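K.L.:
First the structure, which I've put down as structure tokens, then a few questions once you've had a look.
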Amino acid sequence: MSRTQDRDEAAEDIVLSPRERQCLELLARGYRNEAIARELAISSVTVEKHLANARERLGAATRENAVARAMQAGIIRLEDC
């Protein structure tokens, strides 16, 4: 099986909410929690919760690792960010 097929199958197993994906996309752009909160009109505590949930679903140890894993799985792309 090719790497692309592995990545596609892995992405199918990971389901992020739209808000979790939005928070990760903004994080990938370099936004901090407060800026993400302003952009999405939610509290910074809610941003932290969305990012923590995304980290858990992606099996990532850090926020940065969550962004990398989401990109590898095709959940977010730099072009979208």
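Residues are referred to by chain and number: the chain letter is A, B, ... according to the order shown in the structure tokens, the number counts from 1 in that chain, and ligands are numbered separately from 1 in the order shown.
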At a cut-off of 10 Å, can you tabulate as a Markdown table every residue of segment 17-48 of chain A near segment 54-59 of chain A together with its closest atom pair and the distance in Å to one decimal, using only C-alpha atoms and ordering rows by chain then number?

P.N.:
```
| residue | atom | partner | partner_atom | distance |
| --- | --- | --- | --- | --- |
| A:Ser17 | CA | A:Ala54 | CA | 8.3 |
| A:Arg19 | CA | A:Ala54 | CA | 9.5 |
| A:Glu20 | CA | A:Ala54 | CA | 5.8 |
| A:Arg21 | CA | A:Ala54 | CA | 7.7 |
| A:Cys23 | CA | A:Ala54 | CA | 9.0 |
| A:Leu24 | CA | A:Ala54 | CA | 7.9 |
| A:Glu48 | CA | A:Ala54 | CA | 9.9 |
```

K.L.:
How would the residues just picked look written out with all heavy atoms as an mmCIF file, in the first residue's frame?

P.N.:
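Writing done, so here's again_36.cif:
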```
data_model
loop_
_atom_site.group_PDB
_atom_site.id
_atom_site.type_symbol
_atom_site.label_atom_id
_atom_site.label_comp_id
_atom_site.auth_asym_id
_atom_site.auth_seq_id
_atom_site.Cartn_x
_atom_site.Cartn_y
_atom_site.Cartn_z
ATOM 1 N N SER A 17 -14.516 18.302 14.494
ATOM 2 C CA SER A 17 -15.653 19.195 14.308
ATOM 3 C C SER A 17 -15.204 20.378 13.451
ATOM 4 O O SER A 17 -14.000 20.667 13.352
ATOM 5 C CB SER A 17 -16.163 19.694 15.659
ATOM 6 O OG SER A 17 -15.278 20.668 16.193
ATOM 7 N N ARG A 19 -15.360 23.487 14.120
ATOM 8 C CA ARG A 19 -14.653 24.448 14.976
ATOM 9 C C ARG A 19 -13.249 23.959 15.313
ATOM 10 O O ARG A 19 -12.310 24.752 15.355
ATOM 11 C CB ARG A 19 -15.423 24.709 16.268
ATOM 12 C CG ARG A 19 -16.533 25.705 16.116
ATOM 13 C CD ARG A 19 -15.981 27.069 15.766
ATOM 14 N NE ARG A 19 -16.952 28.077 16.109
ATOM 15 C CZ ARG A 19 -17.076 29.225 15.501
ATOM 16 N NH1 ARG A 19 -16.277 29.548 14.510
ATOM 17 N NH2 ARG A 19 -17.984 30.083 15.876
ATOM 18 N N GLU A 20 -13.090 22.675 15.563
ATOM 19 C CA GLU A 20 -11.758 22.137 15.831
ATOM 20 C C GLU A 20 -10.861 22.355 14.620
ATOM 21 O O GLU A 20 -9.711 22.783 14.759
ATOM 22 C CB GLU A 20 -11.842 20.647 16.184
ATOM 23 C CG GLU A 20 -12.470 20.377 17.526
ATOM 24 C CD GLU A 20 -12.871 18.931 17.740
ATOM 25 O OE1 GLU A 20 -12.800 18.123 16.792
ATOM 26 O OE2 GLU A 20 -13.272 18.615 18.870
ATOM 27 N N ARG A 21 -11.405 22.106 13.437
ATOM 28 C CA ARG A 21 -10.644 22.305 12.206
ATOM 29 C C ARG A 21 -10.300 23.781 12.018
ATOM 30 O O ARG A 21 -9.165 24.132 11.687
ATOM 31 C CB ARG A 21 -11.431 21.771 11.005
ATOM 32 C CG ARG A 21 -10.577 21.527 9.812
ATOM 33 C CD ARG A 21 -11.260 20.792 8.662
ATOM 34 N NE ARG A 21 -12.593 20.267 8.881
ATOM 35 C CZ ARG A 21 -13.724 20.921 8.606
ATOM 36 N NH1 ARG A 21 -13.694 22.126 8.107
ATOM 37 N NH2 ARG A 21 -14.895 20.358 8.823
ATOM 38 N N CYS A 23 -9.984 26.100 14.305
ATOM 39 C CA CYS A 23 -8.961 26.477 15.294
ATOM 40 C C CYS A 23 -7.581 25.988 14.853
ATOM 41 O O CYS A 23 -6.599 26.729 14.950
ATOM 42 C CB CYS A 23 -9.316 25.931 16.672
ATOM 43 S SG CYS A 23 -10.702 26.782 17.469
ATOM 44 N N LEU A 24 -7.492 24.765 14.359
ATOM 45 C CA LEU A 24 -6.217 24.240 13.871
ATOM 46 C C LEU A 24 -5.713 25.028 12.665
ATOM 47 O O LEU A 24 -4.514 25.312 12.555
ATOM 48 C CB LEU A 24 -6.338 22.762 13.499
ATOM 49 C CG LEU A 24 -6.334 21.768 14.647
ATOM 50 C CD1 LEU A 24 -6.580 20.361 14.111
ATOM 51 C CD2 LEU A 24 -5.029 21.815 15.416
ATOM 52 N N GLU A 48 -9.211 26.878 23.601
ATOM 53 C CA GLU A 48 -8.359 25.883 24.267
ATOM 54 C C GLU A 48 -9.029 24.518 24.267
ATOM 55 O O GLU A 48 -8.365 23.495 24.035
ATOM 56 C CB GLU A 48 -8.067 26.319 25.698
ATOM 57 C CG GLU A 48 -7.155 27.522 25.804
ATOM 58 C CD GLU A 48 -7.031 28.049 27.223
ATOM 59 O OE1 GLU A 48 -7.387 27.318 28.179
ATOM 60 O OE2 GLU A 48 -6.579 29.194 27.373
#
```

K.L.:
Hey, what's within 10 Å of Ala52 of chain A if we count only C-alpha atoms and toss same-chain stuff fewer than 5 positions away? As a list in words, please?

P.N.:
Glu20, Thr46, Val47, Arg57, Leu58, Ala60, Ala61, Thr62, Arg63 and Ala66 of chain A

K.L.:
Would you export the selected residues with C-alpha atoms as a PDB file, in the first residue's frame, please?

P.N.:
```
ATOM      1  CA  GLU A  20     -11.758  22.137  15.831  1.00  0.00           C
ATOM      2  CA  THR A  46     -13.449  27.572  24.162  1.00  0.00           C
ATOM      3  CA  VAL A  47     -10.514  27.779  21.748  1.00  0.00           C
ATOM      4  CA  ARG A  57      -8.533  12.937  18.378  1.00  0.00           C
ATOM      5  CA  LEU A  58      -5.311  13.260  16.375  1.00  0.00           C
ATOM      6  CA  ALA A  60      -0.932  14.552  19.240  1.00  0.00           C
ATOM      7  CA  ALA A  61       1.197  15.516  22.226  1.00  0.00           C
ATOM      8  CA  THR A  62       1.302  19.237  21.406  1.00  0.00           C
ATOM      9  CA  ARG A  63      -0.659  21.853  19.500  1.00  0.00           C
ATOM     10  CA  ALA A  66      -1.749  18.365  16.086  1.00  0.00           C
TER      11      ALA A  66
END
```

K.L.:
Take atom CA of Val15 of chain A and atom CA of Leu78 of chain A and report the distance between them in Å, one decimal.

P.N.:
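Distance between the two atoms: 18.8 Å.
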
K.L.:
Identify all residues of chain A in helix (DSSP H, G or I) (DSSP on the backbone) and supply them as a ChimeraX atom specification.

P.N.:
/A:3-13,18-28,33-40,44-58,63-72

K.L.:
What's around Gln22 of chain A at 9 Å? Count only C-alpha atoms, leave out sequence neighbours fewer than 6 positions away in its own chain, and write the answer as a ChimeraX atom specification.

P.N.:
/A:36,40,76

K.L.:
Next, the residues of the selection above should be written as a short mmCIF file (atom, residue, chain, number, x, y, z; two decimals), in the first residue's frame with N, CA and C atoms.

P.N.:
```cif
data_model
loop_
_atom_site.label_atom_id
_atom_site.label_comp_id
_atom_site.auth_asym_id
_atom_site.auth_seq_id
_atom_site.Cartn_x
_atom_site.Cartn_y
_atom_site.Cartn_z
N ILE A 36 -7.36 33.72 17.77
CA ILE A 36 -8.31 32.72 17.24
C ILE A 36 -9.70 33.02 17.81
N LEU A 40 -13.01 33.98 15.56
CA LEU A 40 -14.19 33.10 15.53
C LEU A 40 -15.32 33.57 16.44
N ILE A 76 -6.35 19.48 7.14
CA ILE A 76 -6.14 20.89 6.82
C ILE A 76 -4.98 20.96 5.84
#
```

K.L.:
List the spatial neighbours of segment 28-35 of chain A as number ranges by chain - criterion: any atom at most 6 Å away, only C-alpha atoms, same-chain residues fewer than 2 positions off excluded.

P.N.:
A: 25-26, 37-38, 44, 81

K.L.:
Provide the atom CA of Ile14 of chain A to atom CA of His50 of chain A distance in Å, to one decimal place.

P.N.:
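Rounded to one decimal, the two atoms are 14.7 Å apart.
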